[in-house]
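Visitor: Got a structure here, written out as structure tokens. Questions coming.
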Amino acid sequence: MAAPSLGALAAGCESERSSNGPKPPVTGTRPSSMVPPTMKVGGTTLRPPAVPLAVRDPYVSAWLCGTELGGSWATGWGGAPMSVCGLARVDGHTYVWCGDPQLSGVSLRPMTQSSLEVTPTCSIFTLEGGGVRLAVEWLSPIEPGDPRLQSVPLALLTVTVSSTDGSHHDVEVYCDLSGEWASWIDTDHVVWQTSQTASRHWAIQLARQDPFAERNEMAAWGSAVFSTQTSPSLTYESGGSTTVREGFATTGRLASRTDTRFRAIDDDTPVCALAHELDSIATTPASVQWSVGHFETPAVQYLGQALDPLWTAYWPSWEAVVDDFLASAPAARSRAAALDTEVTAAAHQAGGPNYAALCALSLRQAYGACQLVVGPDGQPWAFLKELSSDDDVSTVDVMFDSCPVWLHLDPGLLAMLLEPVLTYAASGRWSGEYAPHGLGFWPLANGNPIGASSEPMPVEDSGALLVMAAAYASRVPVDVARSFLARYQTLWTQWADLLVTQLPSPPLQLTTVDYLGPSAGNTNLAILGMVGLAAAAGLAARLGDEASARTWLAQAKSFVSHWAELAMDPSKLHLDAAIGAVGSWSDLYNAFWDRALGTGLVPETVAATQATWYRSHRSAFGLPIESATPILARLDQQMQTAAWLYDYPVGPEMIETLVRYLGHTGYLAPLPDTYDPQTGTRGPKYNWRARPVVGAVFGLLLVR
């Protein structure tokens, strides 16, 4: 991770401008006298800190920073508005089911939200009003093992309408997207157009396209796309938000016309709407569906070469992608339901209901930082955006923190993420003897422009890549692993030999918590180096180099015995944060990888000592990164420590503490990773959210 560079990111989701102008924060349209809606996350009763709506990649990332769909506007991962408005006309009366529209000439009635359920892939809101019930499902498909389907940058919105009183009801259902889906800067000019294939489409884009540039973290090229399948009951319209919404609220239909006065997003906010008239609703529910997403071609630039998004290898146009996506929606929903059941059941068995909730909150966020492309050799590749904390591409330490989710569900995706980094490291463009830290600044993966001198993390990055390669190899067929590993055998040897020179007390250097500055003799970093060396031994054995395997494993074991003695505090109550820093201590999260790989290096006496120490030194909402920074904790690192020490009381207790922080404080944003464990606030400096590192939550599933 690079030094914090938040730029124009919003300070929080709660205070953003909506598409109807500035408003004070709202918490929903439910009258205060009503019973609060039931909320479940991964089957567990819990208030989510934010609800993922459409979360597919860095540019398709819409969230509800609250819990009630009606009365709040959707935002992007950083807080910029991505407004979605949903209306339902029931027997001539118009109700709001999504967003917070204010119309002066028409009475809008709030629907009452009775429940919210968040699964690993879906967010399902249940709302009632006028004698009907709406089940509003936001599905962001996760397709493990299927790069073709995972490459589709679309989310599915399904609204199912049923009668609650046994009577017949005439219902029309409306949804619109604002120009905010094309840019996160509201003075930008946008244009839009409609087209029809098997679906009716709206495409919204910046008037001035600028490939490989961003506007406040949103792509400055490509199009936001909003579609629904065609039918005789479908009407459509674009125009000012007030005009279009009032037209539907009055008549139950849209004018099926296009506003041609292209303009800035904040000038009579343009929206693109699609509405369906349903048959009379009585005993049989009826459903309508829309897709939302963003298509940009090319996707990223890699070492000077423009790479197309992976979906272009399978479909001739984005319209064809949308048509196929909507036509196959029943199958996608069925696969999603099966994956939800699988993930939730495994999480319950491994760590109980609160752990299942954390997995449900993490899955879409981890996948949502990935962009799948056609690699230079025509094979599927993937890149990772370091959301929020920086704009780095495929930062090695961020990928390392995130990878447990892919090791558990989707090892092939981890290999796709590793390929661009390893190809760069093996090229003549990288001169360092240690591994590169990243590939550049999104969406330009052209290598580090400063070179090896930029953010040098010799042990962190070299060890991380060795560990990830070994973990991947252990979870795929032998021939697949050998083919992957053989291409980079020179790198494995180079980095293993480097680690030997850095252990057991690493010289002054940065770690993944680089914002705390470099440290010498870092105890936790030494663990990663030793496990990385043992991982290199495993890689050598898989490739038939038994001599190197024996040498590196013996060295790793020798280093551990010296490390354990050097790092132990004179009190014998804990290991010091750095060798020689008497009285200090830190979160030894890297020991998780010793357990996950089964290298068996870290003595059980160390685990027992640290488990006892952490249990008595946790703050109200978590364990600090180290004793010197009591106001900074990392969610991902704590989850790795909890997995390492799960057989001790402190392991499950750390999970309970994290759930208490996320579900019972005032934090309302996509999952953070860095926060103040004493107060449960984001803290004054590191306003990070939506980063993929929460994939570390799945670490417990690698060891249980």
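Just remember, in the structure tokens the first chain shown is A, the second B, etc., residues are 1-based per chain, and ligands are 1-based in the order shown.
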Would you kindly return, as a ChimeraX atom specification, each protein, DNA or RNA residue with an atom no farther than 10 Å from any atom of A:Met530, considering only C-alpha atoms and excluding same-chain residues fewer than 5 positions away?
Guide: /A:459,463,496,499-500,502-504,525,535-536,552-553,555-560,563,591,594,599,601-602
Visitor: Could you give me, as a ChimeraX atom specification, the residues within 6 Å of stretch 291-306 of chain A, counting only C-alpha atoms and dropping anything in the same chain fewer than 6 positions from it?
Guide: /A:60,153-156,222-227,443-446
Visitor: Give me, as JSON lines, the closest atom pair and its distance (Å, one decimal) for every residue of stretch 121-208 of chain A within a cut-off of 8 Å of stretch 241-259 of chain A, counting only C-alpha atoms, rows sorted by chain and rising number.
Guide:
{"residue": "A:Glu172", "atom": "CA", "partner": "A:Gly252", "partner_atom": "CA", "distance": 5.9}
{"residue": "A:Tyr174", "atom": "CA", "partner": "A:Phe248", "partner_atom": "CA", "distance": 7.6}
{"residue": "A:Ser178", "atom": "CA", "partner": "A:Ser241", "partner_atom": "CA", "distance": 7.9}
{"residue": "A:Gln193", "atom": "CA", "partner": "A:Thr258", "partner_atom": "CA", "distance": 7.4}
{"residue": "A:Thr194", "atom": "CA", "partner": "A:Thr258", "partner_atom": "CA", "distance": 7.5}
Visitor: Tell me which protein, DNA and RNA residues are within 7 Å of A:Ile527, counting only C-alpha atoms, leaving out same-chain ones fewer than 4 positions away, and put them as number ranges by chain.
Guide: A: 523, 531, 590-591
Visitor: With C-alpha atoms retained, could you export that selection as an mmCIF file, in the first residue's frame?
Guide:
data_model
loop_
_atom_site.group_PDB
_atom_site.id
_atom_site.type_symbol
_atom_site.label_atom_id
_atom_site.label_comp_id
_atom_site.auth_asym_id
_atom_site.auth_seq_id
_atom_site.Cartn_x
_atom_site.Cartn_y
_atom_site.Cartn_z
ATOM 1 C CA THR A 523 8.957 -9.485 14.733
ATOM 2 C CA VAL A 531 7.037 -18.782 6.240
ATOM 3 C CA ASN A 590 1.514 -13.215 9.742
ATOM 4 C CA ALA A 591 1.554 -16.327 11.935
#
Visitor: Taking the backbone alone, and naming residues the way the document does, which bits of stretch 302-372 of chain A are helix (DSSP H, G or I) by DSSP, as number ranges by chain?
Guide: A: 310-313, 318-327, 329-367
Visitor: Hey, can you spit out that residue selection with C-alpha atoms as a PDB file, in the first residue's frame?
Guide:
ATOM      1  CA  LEU A 310     -12.468 -10.112 -20.626  1.00  0.00           C
ATOM      2  CA  TRP A 311     -16.128 -10.075 -21.641  1.00  0.00           C
ATOM      3  CA  THR A 312     -15.045  -9.001 -25.158  1.00  0.00           C
ATOM      4  CA  ALA A 313     -13.587 -12.478 -25.659  1.00  0.00           C
ATOM      5  CA  TRP A 318     -22.118  -4.800 -24.565  1.00  0.00           C
ATOM      6  CA  GLU A 319     -25.729  -5.038 -25.787  1.00  0.00           C
ATOM      7  CA  ALA A 320     -25.206  -8.765 -26.349  1.00  0.00           C
ATOM      8  CA  VAL A 321     -23.781  -9.085 -22.832  1.00  0.00           C
ATOM      9  CA  VAL A 322     -26.844  -7.369 -21.366  1.00  0.00           C
ATOM     10  CA  ASP A 323     -29.314  -9.424 -23.395  1.00  0.00           C
ATOM     11  CA  ASP A 324     -27.652 -12.654 -22.312  1.00  0.00           C
ATOM     12  CA  PHE A 325     -27.412 -11.499 -18.695  1.00  0.00           C
ATOM     13  CA  LEU A 326     -31.115 -10.633 -18.451  1.00  0.00           C
ATOM     14  CA  ALA A 327     -32.250 -13.740 -20.336  1.00  0.00           C
ATOM     15  CA  ALA A 329     -31.186 -14.183 -14.845  1.00  0.00           C
ATOM     16  CA  PRO A 330     -33.118 -17.165 -13.384  1.00  0.00           C
ATOM     17  CA  ALA A 331     -30.039 -19.363 -13.682  1.00  0.00           C
ATOM     18  CA  ALA A 332     -27.814 -16.654 -12.188  1.00  0.00           C
ATOM     19  CA  ARG A 333     -30.143 -16.251  -9.238  1.00  0.00           C
ATOM     20  CA  SER A 334     -30.187 -20.011  -8.723  1.00  0.00           C
ATOM     21  CA  ARG A 335     -26.381 -20.196  -8.752  1.00  0.00           C
ATOM     22  CA  ALA A 336     -26.201 -17.270  -6.354  1.00  0.00           C
ATOM     23  CA  ALA A 337     -28.625 -18.940  -3.949  1.00  0.00           C
ATOM     24  CA  ALA A 338     -26.538 -22.116  -4.010  1.00  0.00           C
ATOM     25  CA  LEU A 339     -23.331 -20.153  -3.364  1.00  0.00           C
ATOM     26  CA  ASP A 340     -24.989 -18.238  -0.522  1.00  0.00           C
ATOM     27  CA  THR A 341     -26.012 -21.508   1.080  1.00  0.00           C
ATOM     28  CA  GLU A 342     -22.540 -22.991   0.629  1.00  0.00           C
ATOM     29  CA  VAL A 343     -20.646 -20.004   2.037  1.00  0.00           C
ATOM     30  CA  THR A 344     -23.030 -19.428   4.924  1.00  0.00           C
ATOM     31  CA  ALA A 345     -23.095 -23.081   5.953  1.00  0.00           C
ATOM     32  CA  ALA A 346     -19.306 -23.370   5.833  1.00  0.00           C
ATOM     33  CA  ALA A 347     -18.890 -20.157   7.822  1.00  0.00           C
ATOM     34  CA  HIS A 348     -21.414 -21.241  10.458  1.00  0.00           C
ATOM     35  CA  GLN A 349     -19.624 -24.547  10.879  1.00  0.00           C
ATOM     36  CA  ALA A 350     -16.185 -22.934  11.076  1.00  0.00           C
ATOM     37  CA  GLY A 351     -16.901 -19.946  13.299  1.00  0.00           C
ATOM     38  CA  GLY A 352     -20.568 -19.632  14.196  1.00  0.00           C
ATOM     39  CA  PRO A 353     -23.268 -17.111  13.251  1.00  0.00           C
ATOM     40  CA  ASN A 354     -21.254 -13.929  13.720  1.00  0.00           C
ATOM     41  CA  TYR A 355     -18.492 -15.267  11.531  1.00  0.00           C
ATOM     42  CA  ALA A 356     -21.086 -16.100   8.867  1.00  0.00           C
ATOM     43  CA  ALA A 357     -22.225 -12.476   9.022  1.00  0.00           C
ATOM     44  CA  LEU A 358     -18.676 -11.227   8.430  1.00  0.00           C
ATOM     45  CA  CYS A 359     -18.330 -13.511   5.405  1.00  0.00           C
ATOM     46  CA  ALA A 360     -21.615 -12.201   3.996  1.00  0.00           C
ATOM     47  CA  LEU A 361     -20.426  -8.612   4.384  1.00  0.00           C
ATOM     48  CA  SER A 362     -17.010  -9.305   2.840  1.00  0.00           C
ATOM     49  CA  LEU A 363     -17.531 -11.379  -0.279  1.00  0.00           C
ATOM     50  CA  ARG A 364     -18.867  -8.786  -2.735  1.00  0.00           C
ATOM     51  CA  GLN A 365     -16.503  -6.124  -1.424  1.00  0.00           C
ATOM     52  CA  ALA A 366     -13.433  -8.297  -2.061  1.00  0.00           C
ATOM     53  CA  TYR A 367     -14.487  -9.255  -5.580  1.00  0.00           C
TER      54      TYR A 367
END
Visitor: Quick one: everything within 10 Å of A:Thr681, counting only C-alpha atoms, minus sequence neighbours fewer than 2 positions away in the same chain. Send it as a short mmCIF file (atom, residue, chain, number, x, y, z; two decimals) with N, CA and C atoms, in the first residue's frame.
Guide:
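Wrote selection-v7.cif, looks like this:
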data_model
loop_
_atom_site.label_atom_id
_atom_site.label_comp_id
_atom_site.auth_asym_id
_atom_site.auth_seq_id
_atom_site.Cartn_x
_atom_site.Cartn_y
_atom_site.Cartn_z
N PHE A 621 -13.28 -2.29 20.81
CA PHE A 621 -13.71 -2.70 19.48
C PHE A 621 -12.60 -3.38 18.69
N ILE A 631 -4.68 3.70 18.81
CA ILE A 631 -5.89 4.18 18.13
C ILE A 631 -6.01 3.64 16.71
N TYR A 661 -18.26 -3.98 16.69
CA TYR A 661 -17.84 -2.72 16.08
C TYR A 661 -18.67 -2.40 14.84
N THR A 665 -22.00 0.35 16.27
CA THR A 665 -21.45 1.70 16.41
C THR A 665 -22.07 2.58 15.34
N GLY A 666 -21.66 3.83 15.28
CA GLY A 666 -22.21 4.76 14.29
C GLY A 666 -21.57 4.66 12.92
N TYR A 667 -20.74 3.63 12.71
CA TYR A 667 -20.07 3.50 11.41
C TYR A 667 -21.08 3.09 10.35
N THR A 674 -9.06 -0.10 8.52
CA THR A 674 -8.31 0.64 9.53
C THR A 674 -9.25 1.55 10.30
N TYR A 675 -9.23 1.46 11.63
CA TYR A 675 -10.16 2.24 12.44
C TYR A 675 -9.61 2.36 13.86
N ASP A 676 -10.30 3.12 14.68
CA ASP A 676 -9.91 3.33 16.07
C ASP A 676 -10.59 2.27 16.94
N PRO A 677 -9.85 1.33 17.51
CA PRO A 677 -10.49 0.26 18.29
C PRO A 677 -10.98 0.71 19.65
N GLN A 678 -10.61 1.91 20.07
CA GLN A 678 -11.07 2.40 21.37
C GLN A 678 -12.45 3.01 21.27
N THR A 679 -12.71 3.73 20.17
CA THR A 679 -13.99 4.44 20.02
C THR A 679 -14.90 3.83 18.97
N GLY A 683 -11.63 7.37 12.66
CA GLY A 683 -10.37 8.03 12.99
C GLY A 683 -10.17 9.24 12.10
N PRO A 684 -9.32 10.15 12.52
CA PRO A 684 -9.17 11.42 11.82
C PRO A 684 -8.39 11.35 10.53
N ASN A 687 -9.52 7.43 6.44
CA ASN A 687 -10.94 7.27 6.11
C ASN A 687 -11.08 6.25 4.97
#
